[in-house]
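A.B. asks: Next up, input-v8.txt (compact mmCIF, C-alpha atoms).
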```txt
# COMPACT_ATOMS: atom_id res chain seq x y z
CA ALA A 1 0.00 0.00 0.00
CA GLN A 2 1.12 3.50 -0.74
CA LYS A 3 2.30 5.30 2.35
CA ILE A 4 2.07 8.72 0.73
CA THR A 5 -0.62 9.48 -1.82
CA GLN A 6 -0.75 12.60 -3.94
CA THR A 7 -3.82 12.34 -6.14
CA GLN A 8 -3.22 15.40 -8.32
CA PRO A 9 -0.62 14.74 -11.03
CA GLY A 10 -0.96 18.32 -12.26
CA MET A 11 -2.52 21.55 -11.07
CA PHE A 12 -2.97 24.98 -12.61
CA VAL A 13 -3.39 28.19 -10.64
CA GLN A 14 -3.70 31.80 -11.63
CA GLU A 15 -0.94 34.08 -10.44
CA LYS A 16 -1.76 35.74 -7.06
CA GLU A 17 -4.40 33.13 -6.21
CA ALA A 18 -4.12 30.44 -3.53
CA VAL A 19 -3.78 26.75 -4.31
CA THR A 20 -4.06 23.58 -2.25
CA LEU A 21 -2.00 20.49 -3.01
CA ASP A 22 -3.38 17.29 -1.54
CA CYS A 23 -1.50 14.66 0.43
CA THR A 24 -2.74 11.69 2.41
CA TYR A 25 -0.53 9.33 4.35
CA ASP A 26 -0.66 5.93 5.97
CA THR A 27 1.25 4.93 9.09
CA SER A 28 0.62 3.05 12.31
CA ASP A 29 3.40 4.88 14.17
CA PRO A 30 2.14 7.39 16.75
CA SER A 31 5.14 9.63 16.07
CA TYR A 32 5.99 10.81 12.59
CA GLY A 33 6.88 13.91 10.63
CA LEU A 34 5.41 15.24 7.42
CA PHE A 35 7.38 17.35 4.97
CA TRP A 36 6.78 19.20 1.75
CA TYR A 37 9.52 19.70 -0.80
CA LYS A 38 9.61 21.74 -3.99
CA GLN A 39 11.55 20.51 -7.01
CA PRO A 40 11.98 23.05 -9.83
CA SER A 41 12.91 21.88 -13.31
CA SER A 42 16.58 22.37 -12.39
CA GLY A 43 16.26 19.36 -10.11
CA GLU A 44 17.15 20.44 -6.59
CA MET A 45 14.83 19.44 -3.76
CA ILE A 46 13.96 22.43 -1.61
CA PHE A 47 12.55 21.92 1.88
CA LEU A 48 9.41 24.02 2.39
CA ILE A 49 7.59 23.09 5.57
CA TYR A 50 7.37 20.51 8.35
CA GLN A 51 4.50 19.22 10.51
CA GLY A 52 4.96 16.88 13.44
CA SER A 53 2.31 14.35 14.36
CA TYR A 54 2.02 15.79 17.88
CA ASP A 55 1.87 19.41 16.80
CA GLN A 56 -1.36 21.02 17.86
CA GLN A 57 -1.21 23.85 15.38
CA ASN A 58 -0.87 23.82 11.64
CA ALA A 59 2.61 24.71 10.43
CA THR A 60 3.17 27.95 8.53
CA GLU A 61 6.24 29.27 6.70
CA GLY A 62 5.70 32.52 4.87
CA ARG A 63 3.29 31.86 1.99
CA TYR A 64 3.20 28.15 2.78
CA SER A 65 0.87 26.57 5.29
CA LEU A 66 0.04 22.98 6.04
CA ASN A 67 -3.56 21.95 6.58
CA PHE A 68 -3.03 19.01 8.95
CA GLN A 69 -6.03 16.81 9.65
CA LYS A 70 -4.69 13.95 11.73
CA ALA A 71 -7.88 11.90 11.96
CA ARG A 72 -8.18 11.93 8.18
CA LYS A 73 -4.43 11.39 7.76
CA SER A 74 -4.12 14.30 5.42
CA ALA A 75 -1.46 17.01 5.20
CA ASN A 76 -2.37 19.38 2.41
CA LEU A 77 -0.04 22.19 1.37
CA VAL A 78 -1.58 25.60 0.85
CA ILE A 79 0.34 28.17 -1.16
CA SER A 80 -1.09 31.67 -0.89
CA ALA A 81 -0.61 34.45 -3.44
CA SER A 82 0.95 32.19 -6.08
CA GLN A 83 3.93 33.50 -8.00
CA LEU A 84 5.32 32.43 -11.37
CA GLY A 85 8.37 31.07 -9.56
CA ASP A 86 6.15 28.60 -7.71
CA SER A 87 5.81 26.53 -10.88
CA ALA A 88 7.51 23.24 -9.99
CA MET A 89 6.95 19.68 -8.79
CA TYR A 90 5.82 19.43 -5.18
CA PHE A 91 6.44 16.33 -3.11
CA CYS A 92 4.84 15.31 0.15
CA ALA A 93 7.02 13.07 2.31
CA MET A 94 6.82 11.29 5.65
CA ARG A 95 9.44 10.27 8.15
CA GLU A 96 8.45 7.59 10.66
CA ASP A 97 9.95 7.42 14.12
CA MET A 98 12.90 5.04 14.38
CA ASN A 99 11.99 4.33 17.99
CA TYR A 100 8.75 2.70 16.93
CA GLY A 101 10.36 0.23 14.62
CA GLY A 102 10.09 2.42 11.60
CA SER A 103 12.76 2.82 9.01
CA GLN A 104 16.09 4.45 9.76
CA GLY A 105 14.49 7.82 9.34
CA ASN A 106 14.51 7.96 5.58
CA LEU A 107 11.82 9.99 3.86
CA ILE A 108 8.99 8.24 2.05
CA PHE A 109 7.83 10.34 -0.87
CA GLY A 110 4.64 10.58 -2.87
CA LYS A 111 4.64 10.72 -6.65
CA GLY A 112 4.37 14.49 -6.67
CA THR A 113 2.11 17.18 -8.09
CA LYS A 114 3.21 19.41 -10.94
CA LEU A 115 2.05 22.95 -10.26
CA SER A 116 1.86 25.45 -13.10
CA VAL A 117 1.23 29.11 -12.30
CA LYS A 118 -0.41 31.06 -15.11
CA PRO A 119 0.27 34.78 -15.56
CA GLY B 120 28.81 26.86 -0.51
CA ALA B 121 27.21 25.53 2.65
CA GLY B 122 24.81 23.10 1.02
CA VAL B 123 25.03 19.45 -0.05
CA SER B 124 27.29 19.11 -3.05
CA GLN B 125 27.02 16.30 -5.57
CA SER B 126 29.24 15.48 -8.51
CA PRO B 127 29.16 14.97 -11.36
CA ARG B 128 25.99 16.83 -12.21
CA TYR B 129 25.49 14.67 -15.30
CA LYS B 130 26.96 11.30 -16.14
CA VAL B 131 26.58 9.32 -19.34
CA ALA B 132 27.91 5.77 -19.40
CA LYS B 133 27.67 2.79 -21.67
CA ARG B 134 25.86 -0.28 -20.45
CA GLY B 135 28.24 -2.47 -18.50
CA GLN B 136 30.51 0.32 -17.29
CA ASP B 137 31.06 1.14 -13.63
CA VAL B 138 30.18 4.59 -12.31
CA ALA B 139 30.90 6.45 -9.07
CA LEU B 140 28.77 9.29 -7.76
CA ARG B 141 30.04 11.61 -5.06
CA CYS B 142 28.20 13.39 -2.25
CA ASP B 143 29.69 16.00 0.05
CA PRO B 144 27.16 16.65 2.84
CA ILE B 145 26.73 19.74 4.94
CA SER B 146 29.60 19.96 7.40
CA GLY B 147 28.76 18.39 10.74
CA HIS B 148 25.73 16.50 9.51
CA VAL B 149 25.61 13.04 11.03
CA SER B 150 23.06 11.42 8.74
CA LEU B 151 23.47 10.87 5.03
CA PHE B 152 20.91 9.36 2.70
CA TRP B 153 20.96 8.29 -0.94
CA TYR B 154 17.79 8.27 -3.03
CA GLN B 155 17.02 7.25 -6.59
CA GLN B 156 14.48 9.28 -8.57
CA ALA B 157 13.15 7.79 -11.78
CA LEU B 158 11.66 10.11 -14.37
CA GLY B 159 8.27 11.42 -13.26
CA GLN B 160 8.44 9.73 -9.86
CA GLY B 161 9.22 10.69 -6.31
CA PRO B 162 12.61 9.83 -4.82
CA GLU B 163 13.02 6.33 -3.42
CA PHE B 164 15.34 5.45 -0.56
CA LEU B 165 18.51 3.55 -1.31
CA THR B 166 20.74 3.62 1.75
CA TYR B 167 21.53 5.45 4.99
CA PHE B 168 24.70 6.30 6.90
CA GLN B 169 25.11 7.48 10.45
CA ASN B 170 28.60 8.92 10.41
CA GLU B 171 30.69 6.21 8.76
CA ALA B 172 28.35 3.34 9.59
CA GLN B 173 25.97 2.13 6.90
CA LEU B 174 22.92 1.31 9.00
CA ASP B 175 20.41 0.58 6.28
CA LYS B 176 20.97 -0.58 2.74
CA SER B 177 17.57 -2.16 2.26
CA GLY B 178 16.73 0.09 -0.69
CA LEU B 179 19.69 -0.84 -2.87
CA PRO B 180 18.12 -2.56 -5.89
CA SER B 181 20.85 -5.12 -6.47
CA ASP B 182 24.32 -6.16 -5.39
CA ARG B 183 25.67 -4.02 -8.22
CA PHE B 184 25.02 -1.00 -6.02
CA PHE B 185 27.52 -0.17 -3.31
CA ALA B 186 27.88 2.87 -1.07
CA GLU B 187 30.52 3.98 1.38
CA ARG B 188 31.29 6.86 3.71
CA PRO B 189 34.67 5.88 5.13
CA GLU B 190 35.46 8.97 7.19
CA GLY B 191 31.93 9.97 8.05
CA SER B 192 31.76 12.89 5.67
CA VAL B 193 31.99 12.41 1.89
CA SER B 194 30.05 9.47 0.50
CA THR B 195 30.35 7.61 -2.78
CA LEU B 196 27.65 5.58 -4.48
CA LYS B 197 29.09 3.08 -6.91
CA ILE B 198 27.16 1.18 -9.53
CA GLN B 199 28.92 -1.73 -11.19
CA ARG B 200 28.06 -3.18 -14.60
CA THR B 201 25.45 -0.51 -15.23
CA GLN B 202 22.15 -1.41 -16.86
CA GLN B 203 19.67 0.81 -18.70
CA GLU B 204 17.24 0.61 -15.78
CA ASP B 205 19.85 2.36 -13.63
CA SER B 206 19.16 5.58 -15.56
CA ALA B 207 17.76 8.02 -13.01
CA VAL B 208 18.61 11.02 -10.88
CA TYR B 209 20.56 10.06 -7.78
CA LEU B 210 19.96 12.41 -4.88
CA CYS B 211 22.00 12.72 -1.73
CA ALA B 212 20.61 14.27 1.44
CA SER B 213 22.02 15.01 4.85
CA SER B 214 20.55 15.93 8.20
CA LEU B 215 22.13 17.21 11.38
CA ARG B 216 21.08 14.46 13.77
CA ASN B 217 20.28 10.83 13.33
CA ARG B 218 17.15 10.86 15.45
CA GLY B 219 14.06 13.00 15.52
CA VAL B 220 11.22 12.95 13.05
CA ASP B 221 11.51 16.73 12.83
CA GLN B 222 14.89 16.64 11.14
CA PRO B 223 14.60 18.05 7.64
CA GLN B 224 16.84 16.49 5.08
CA HIS B 225 18.80 18.87 2.91
CA PHE B 226 19.29 17.67 -0.64
CA GLY B 227 21.97 18.18 -3.22
CA ASP B 228 21.19 19.00 -6.84
CA GLY B 229 21.51 15.34 -7.79
CA THR B 230 23.44 13.43 -10.42
CA ARG B 231 21.50 12.65 -13.58
CA LEU B 232 22.76 9.27 -14.78
CA SER B 233 22.04 8.10 -18.31
CA ILE B 234 23.00 4.60 -19.41
CA LEU B 235 23.25 4.10 -23.17
```
Transcribe the structure of this file into C-alpha cells.
C.D. replies:
Amino acid sequence: AQKITQTQPGMFVQEKEAVTLDCTYDTSDPSYGLFWYKQPSSGEMIFLIYQGSYDQQNATEGRYSLNFQKARKSANLVISASQLGDSAMYFCAMREDMNYGGSQGNLIFGKGTKLSVKP
Amino acid sequence: GAGVSQSPRYKVAKRGQDVALRCDPISGHVSLFWYQQALGQGPEFLTYFQNEAQLDKSGLPSDRFFAERPEGSVSTLKIQRTQQEDSAVYLCASSLRNRGVDQPQHFGDGTRLSIL
C-alpha cells in the first residue's frame, strides 16, 4: 500500500491566487513527521515546511501553510498568493519514528504534483 | 557553498561500465541518505549512513550498487556493470542528527545518470 498518496498529477493556478495540493498518508506509528519539498525543473529538492504528528497547530512558513487533519491522515499544502516562480513539482514526504520500529528515518515520498502558475 | 554538493551533475555511461557518484554533505551532519528518482516519480530510498556506519541498505536494488562513507563525511555511491534501468537522478541528502522525526533532510542538486 502507498504510504504517501498525492492524487493530483498536475494543477494549474492563476498568479496571485491560492492553491491547495493534496497529500494523504498511511502509518501506524504514533510519532511521525510530514514534509513538503519543492523541485523546480533544475532538479534540486527544496525543503518548504514541516508538521509533526504531535503538533497542535498547523505549520506555517511565509506563503506556505500545512492543513493538517490527523484523523483523516491528510497534510495538504496551501500556497497563498501564487507567483510564477512557484511553478515546480511538489512532493509530500513522511518520516516515521525510528523508535517505533520504523525505518532508519529515511523519507517516504509521494509521486508528486506538478504545479503550473499562469500569468 | 554551505549546502550538499554532488558530482558529477550529469553522467553518461555505456551499459556495462562502472560509475561512481560523489556526495559531500553539509559539514557536521551526522546522517546521510541516498535516493534514486526515476523520471516522473518521487525519490526512493537507497541507503543510509550514520557517520561512517551504513545502518540501512535495504533500498539498494541489487548487489551491483555499493555505497561507502569511510570517514563519516563524503560518500560515494558506486554502480557496477550498469544497466539501462539504472538511468535516473541520484539524490543525496544530509541531516544534522540521526534521530528525531523533525529533522529536515537537505538535498543536493543530484546526479542525472544516463545509461546508453
A.B. asks: Using all atoms listed in the file, determine which residues of chain B fall within 6 Å of chain A; present them as a ChimeraX atom specification.
C.D. replies: /B:160-161,220-221,226,228
A.B. asks: Write out the residues from the selection above, keeping C-alpha atoms, as a JSON list (two decimals), in the frame of the given file.
C.D. replies:
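That gives us out26.json:
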```json
[["chain", "number", "residue", "atom", "x", "y", "z"],
["B", 160, "GLN", "CA", 8.44, 9.73, -9.86],
["B", 161, "GLY", "CA", 9.22, 10.69, -6.31],
["B", 220, "VAL", "CA", 11.22, 12.95, 13.05],
["B", 221, "ASP", "CA", 11.51, 16.73, 12.83],
["B", 226, "PHE", "CA", 19.29, 17.67, -0.64],
["B", 228, "ASP", "CA", 21.19, 19.00, -6.84]]
```
A.B. asks: Suppose you want the space between CA of Val208 (chain B) and CA of Lys38 (chain A); what is it in Å?
C.D. replies: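 So the answer is 15.6 Å.
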A.B. asks: Given the choices B:Glu163, B:Asp182, B:Asp137, B:Glu187, which gets closest to Leu151 (chain B) if the distance is worked out from only C-alpha atoms?
C.D. replies: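 Of all the options, B:Glu187 lies closest to Leu151 (chain B).
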A.B. asks: Could you check the closest approach to Asp205 (chain B) for each of B:Ser126, B:Gln222, B:Gln156, B:Ser146 and tell me which residue wins, using all atoms listed in the file?
C.D. replies: B:Gln156
A.B. asks: Select, counting all atoms listed in the file, all protein, DNA and RNA residues no farther than 6 Å from (-0.7, 37.2, -6.8) in file coordinates, and express the selection as a VMD selection string.
C.D. replies: chain A and resid 15 to 17 81 to 82
A.B. asks: Write the residues of the preceding selection, restricted to C-alpha atoms, as a compact mmCIF listing (two decimals), in the coordinates of the input.
C.D. replies:
```
# COMPACT_ATOMS: atom_id res chain seq x y z
CA GLU A 15 -0.94 34.08 -10.44
CA LYS A 16 -1.76 35.74 -7.06
CA GLU A 17 -4.40 33.13 -6.21
CA ALA A 81 -0.61 34.45 -3.44
CA SER A 82 0.95 32.19 -6.08
```
